[in-house]
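Colleague: Supplied in structure tokens, the structure appears directly below.
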Amino acid sequence: LRRLRLRLLHLLLIRRGRALGELRRRERRREEGLPRLLRAAAMPLRRRLPAIAALARRLDNAGAALNVRFIWRDAFRPKQKVEKGDLDWERVCTLFNAAAALGYAASRAFRRGAQADAFKQLQRAAGCFAAAHDMVRPAIWGLDPRWEPASLSPDLGLEMLSALRDLMLAQAQHAFHQKAVDEGTSPSVRAKLAEQAALLFGAALRTLDSQELRDYVTEEGSLFKPADDSWLRRLRAAEARARAIAQEEAAAAAAADSSYGAQVARLRLASELMRRAAAAAPDGSPERRSLEDESSSLSQRTRQAEQDNATIYQDPVPSAGALPRLEPKLFVKPIRPEDGLSS
């Protein structure tokens, strides 16, 4: 009887293991299929743009004669909406939606290690935001603008569209850096790539942290919930982390060149920047825990480099201000819808 029970338990465990394995395979297939689904959703949106443009050229006053109101709900404040009987307005809204779908598809691709795919989709998202920016600008400028600037929702304003474009490019540059790491590119080149990503993150942060947009991207608090500034905190963390990675890569390049004092100086700077990144991330978030782990690991490597230099190489350690500035290297650009509709 005991043997029979053990045998039944063994068979049950085997069956349960197979069931769990099948669930994992289904989840993997779902995860792998989601980016393709999102890209497929973005493609009709981008292909819709030439049709809307052609229709607007055939009608007077950008389609005002159609007597159709195109509704847009604010991406950050969904309860707020803007209506315009203008086909160009519908084109701008379509571009924003396509950029959002492409950006999310890129984030899923990045998580599963498909850096090249994320690199391409993020540049396409940046191109959609850039095209939307170029359509909004002439419509609100001039003595008699077609659209009153105050009538736009803040997410479709020029400053916000510029910030979102820079944010997509920053993440594309970061994806290209990660691709370079996977391919074994030299640390000196990777340092330039990471430094450029930091500059792009910084450009997006300065715009979003301006007086005009800071309150907009910060969710209002209440009696029982504090204000949510996670957007800005994540951007500050991303900029500081990119700068830390750039210094870490430069430290590796210095070590390869037998400049052990410079290696120590750059690792110290990288450790400080990574600590700032961890402190900037939202409290209790997965990003903060991941950055704290990176900071701990980097601090340990810094101490090891300091010990090696003190006991073996005895190379003078320059101050952080005496280190040469890192030269950024840009490898991304916005891919506008008309440039990539067939790909």
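Numbering starts fresh at 1 for the residues of each chain in the structure tokens, the chains themselves are lettered A, B, ... in the order given, and ligands are numbered from 1 as they appear.
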Could you list, as a list in words, every residue within 9 Å of Leu152 (chain A), counting only C-alpha atoms and ignoring same-chain residues fewer than 5 positions away?
Modeller: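 What passes the distance filter is Val82, Trp147 and Gly157 of chain A.
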Colleague: Could those residues be written to a file, using C-alpha atoms, as a short mmCIF file (atom, residue, chain, number, x, y, z; two decimals), in the first residue's frame?
Modeller:
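Contents of the output file again_39.cif:
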data_model
loop_
_atom_site.label_atom_id
_atom_site.label_comp_id
_atom_site.auth_asym_id
_atom_site.auth_seq_id
_atom_site.Cartn_x
_atom_site.Cartn_y
_atom_site.Cartn_z
CA VAL A 82 -10.37 67.99 -26.96
CA TRP A 147 -5.75 76.06 -33.48
CA GLY A 157 1.75 70.54 -26.87
#
Colleague: Find the residues near Arg214 (chain A): any atom within 10 Å, counting only C-alpha atoms, skip ones fewer than 6 places away on the same chain, and give them as a PyMOL selection string.
Modeller: chain A and resi 205-208+229+231-232
Colleague: Check the smallest atom-to-atom distance from each of A:Arg243, A:Ala253, A:Glu306, A:Ala237 to Thr185 (chain A) using only C-alpha atoms, then report the winner.
Modeller: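 Closest to Thr185 (chain A) of all the choices is A:Ala253.
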Colleague: So, counting only C-alpha atoms, which residue among A:Leu156, A:Leu122, A:Leu291, A:Ala194 is closest to Leu169 (chain A)?
Modeller: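 Checking each of A:Leu156, A:Leu122, A:Leu291, A:Ala194 against Leu169 (chain A), counting only C-alpha atoms, the winner is A:Leu122.
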Colleague: So which residues touch Pro282 (chain A) within 8 Å, counting only C-alpha atoms, skipping near sequence neighbours fewer than 3 positions away, as a list of chain:residue names?
Modeller: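 These residues fall inside the cut-off: A:Ser230, A:Arg233, A:Arg234, A:Ser285, A:Glu287, A:Arg288.
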Colleague: Go ahead and dump the residues you just picked, N, CA, C and O atoms, as an mmCIF file, in the first residue's frame.
Modeller:
data_model
loop_
_atom_site.group_PDB
_atom_site.id
_atom_site.type_symbol
_atom_site.label_atom_id
_atom_site.label_comp_id
_atom_site.auth_asym_id
_atom_site.auth_seq_id
_atom_site.Cartn_x
_atom_site.Cartn_y
_atom_site.Cartn_z
ATOM 1 N N SER A 230 6.392 59.749 -10.012
ATOM 2 C CA SER A 230 7.238 58.641 -10.439
ATOM 3 C C SER A 230 7.812 58.855 -11.838
ATOM 4 O O SER A 230 8.902 58.370 -12.140
ATOM 5 N N ARG A 233 10.907 60.924 -11.303
ATOM 6 C CA ARG A 233 11.903 60.176 -10.540
ATOM 7 C C ARG A 233 12.548 59.084 -11.385
ATOM 8 O O ARG A 233 13.757 58.843 -11.305
ATOM 9 N N ARG A 234 11.752 58.429 -12.210
ATOM 10 C CA ARG A 234 12.320 57.392 -13.088
ATOM 11 C C ARG A 234 13.267 58.020 -14.116
ATOM 12 O O ARG A 234 14.293 57.424 -14.459
ATOM 13 N N SER A 285 9.936 50.536 -5.494
ATOM 14 C CA SER A 285 9.697 50.054 -6.857
ATOM 15 C C SER A 285 10.726 48.987 -7.231
ATOM 16 O O SER A 285 11.820 48.927 -6.664
ATOM 17 N N GLU A 287 12.448 48.999 -9.871
ATOM 18 C CA GLU A 287 13.610 49.716 -10.398
ATOM 19 C C GLU A 287 14.573 50.096 -9.277
ATOM 20 O O GLU A 287 15.795 49.990 -9.436
ATOM 21 N N ARG A 288 14.024 50.526 -8.138
ATOM 22 C CA ARG A 288 14.896 50.939 -7.044
ATOM 23 C C ARG A 288 15.679 49.748 -6.495
ATOM 24 O O ARG A 288 16.882 49.857 -6.228
#
Colleague: With distances taken over only C-alpha atoms, which of A:Gln171, A:Ser107, A:Ala270, A:Leu213 is nearest to Leu158 (chain A)?
Modeller: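 Checking each candidate against Leu158 (chain A), we get A:Leu213 as the closest.
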Colleague: Please determine, counting only C-alpha atoms, which residue among A:Asp134, A:Asp257, A:Asp155, A:Asp144 has the shortest atom-to-atom distance to Pro78 (chain A).
Modeller: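 Closest to Pro78 (chain A), using only C-alpha atoms: A:Asp155.
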Colleague: Could you name the residues that touch Ile71 (chain A) at 9 Å or less, counting only C-alpha atoms, but leaving out those on the same chain fewer than 2 positions away, as number ranges by chain?
Modeller: A: 69, 73, 81-85, 90, 93
Colleague: With N, CA and C atoms retained, could you export that selection as a PDB file, in the first residue's frame?
Modeller:
ATOM      1  N   ARG A  69     -16.459  65.664 -35.794  1.00  0.00           N
ATOM      2  CA  ARG A  69     -15.608  66.106 -34.688  1.00  0.00           C
ATOM      3  C   ARG A  69     -14.712  64.945 -34.257  1.00  0.00           C
ATOM      4  N   ARG A  73      -8.647  62.161 -26.061  1.00  0.00           N
ATOM      5  CA  ARG A  73      -8.626  62.181 -24.594  1.00  0.00           C
ATOM      6  C   ARG A  73      -7.184  62.269 -24.120  1.00  0.00           C
ATOM      7  N   LYS A  81     -10.882  66.068 -22.538  1.00  0.00           N
ATOM      8  CA  LYS A  81     -10.892  65.744 -23.961  1.00  0.00           C
ATOM      9  C   LYS A  81     -10.912  67.023 -24.788  1.00  0.00           C
ATOM     10  N   VAL A  82     -10.409  66.881 -26.012  1.00  0.00           N
ATOM     11  CA  VAL A  82     -10.370  67.987 -26.958  1.00  0.00           C
ATOM     12  C   VAL A  82     -11.029  67.512 -28.250  1.00  0.00           C
ATOM     13  N   GLU A  83     -11.921  68.319 -28.812  1.00  0.00           N
ATOM     14  CA  GLU A  83     -12.601  67.989 -30.067  1.00  0.00           C
ATOM     15  C   GLU A  83     -12.278  69.046 -31.112  1.00  0.00           C
ATOM     16  N   LYS A  84     -11.950  68.562 -32.329  1.00  0.00           N
ATOM     17  CA  LYS A  84     -11.703  69.486 -33.442  1.00  0.00           C
ATOM     18  C   LYS A  84     -12.224  68.855 -34.726  1.00  0.00           C
ATOM     19  N   GLY A  85     -12.869  69.651 -35.550  1.00  0.00           N
ATOM     20  CA  GLY A  85     -13.338  69.183 -36.848  1.00  0.00           C
ATOM     21  C   GLY A  85     -12.283  69.405 -37.908  1.00  0.00           C
ATOM     22  N   GLU A  90      -6.817  64.849 -36.440  1.00  0.00           N
ATOM     23  CA  GLU A  90      -6.907  63.392 -36.393  1.00  0.00           C
ATOM     24  C   GLU A  90      -5.561  62.747 -36.740  1.00  0.00           C
ATOM     25  N   CYS A  93      -3.386  62.929 -33.612  1.00  0.00           N
ATOM     26  CA  CYS A  93      -3.816  61.932 -32.621  1.00  0.00           C
ATOM     27  C   CYS A  93      -3.399  60.529 -33.046  1.00  0.00           C
TER      28      CYS A  93
END
Colleague: Please determine, counting only C-alpha atoms, which residue among A:Glu294, A:Glu249, A:Glu239, A:Asp315 has the shortest atom-to-atom distance to Leu167 (chain A).
Modeller: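 Smallest distance to Leu167 (chain A) is found for A:Glu239.
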Colleague: Please list as a list in words every residue within 12 Å of Ile312 (chain A), counting only C-alpha atoms and excluding residues in the same chain fewer than 5 positions away.
Modeller: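 So the residues in contact are Tyr260, Gly261, Gln304, Ala305, Glu306 and Gln307 of chain A.
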Colleague: For CA of Gly184 (chain A) and CA of Ala277 (chain A), determine how far apart the two atoms are, in Å to one decimal place.
Modeller: 25.5 Å
Colleague: Would you please work out which residue, of A:Arg236, A:Arg268, A:Arg91, A:Arg276, is nearest to Arg303 (chain A) when using only C-alpha atoms?
Modeller: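 Answer, going by the shortest atom-to-atom distance: A:Arg268.
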Colleague: Calculate how many Å separate CA of Ala109 (chain A) from CA of Ala175 (chain A), rounding to one decimal.
Modeller: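 Computing it gives 10.2 Å between the two atoms.
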Colleague: Pick out the residues sitting within 10 Å of Pro334 (chain A), and hand them over as a PyMOL selection string; count only C-alpha atoms, and ignore anything fewer than 3 positions along from it in its own chain.
Modeller: chain A and resi 120+122-131+165-166+168-169+172+337+339
Colleague: Residues of the last selection are to be written out with C-alpha atoms, as a PDB file, in the first residue's frame.
Modeller:
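So the final result, stored in out_1.pdb, reads:
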ATOM      1  CA  LYS A 120      14.208  49.967 -34.318  1.00  0.00           C
ATOM      2  CA  LEU A 122      11.881  53.148 -30.390  1.00  0.00           C
ATOM      3  CA  GLN A 123      13.276  55.152 -33.306  1.00  0.00           C
ATOM      4  CA  ARG A 124       9.950  54.702 -35.104  1.00  0.00           C
ATOM      5  CA  ALA A 125       8.107  55.900 -32.002  1.00  0.00           C
ATOM      6  CA  ALA A 126      10.402  58.942 -31.875  1.00  0.00           C
ATOM      7  CA  GLY A 127       9.616  59.569 -35.544  1.00  0.00           C
ATOM      8  CA  CYS A 128       5.871  59.566 -34.838  1.00  0.00           C
ATOM      9  CA  PHE A 129       6.298  62.090 -32.018  1.00  0.00           C
ATOM     10  CA  ALA A 130       8.564  64.244 -34.223  1.00  0.00           C
ATOM     11  CA  ALA A 131       6.007  64.178 -37.063  1.00  0.00           C
ATOM     12  CA  ARG A 165      10.646  62.229 -28.787  1.00  0.00           C
ATOM     13  CA  ASP A 166      13.856  62.664 -26.765  1.00  0.00           C
ATOM     14  CA  MET A 168      12.206  57.454 -27.130  1.00  0.00           C
ATOM     15  CA  LEU A 169      15.608  58.318 -28.611  1.00  0.00           C
ATOM     16  CA  ALA A 172      16.869  53.590 -28.316  1.00  0.00           C
ATOM     17  CA  PRO A 337       6.205  57.089 -40.678  1.00  0.00           C
ATOM     18  CA  ASP A 339      10.388  56.535 -43.968  1.00  0.00           C
TER      19      ASP A 339
END
Colleague: Can you measure CA of Ser299 (chain A) to CA of Ser319 (chain A) for me? One decimal in Å is fine.
Modeller: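 Result for CA of Ser299 (chain A) versus CA of Ser319 (chain A): 17.6 Å, one decimal.
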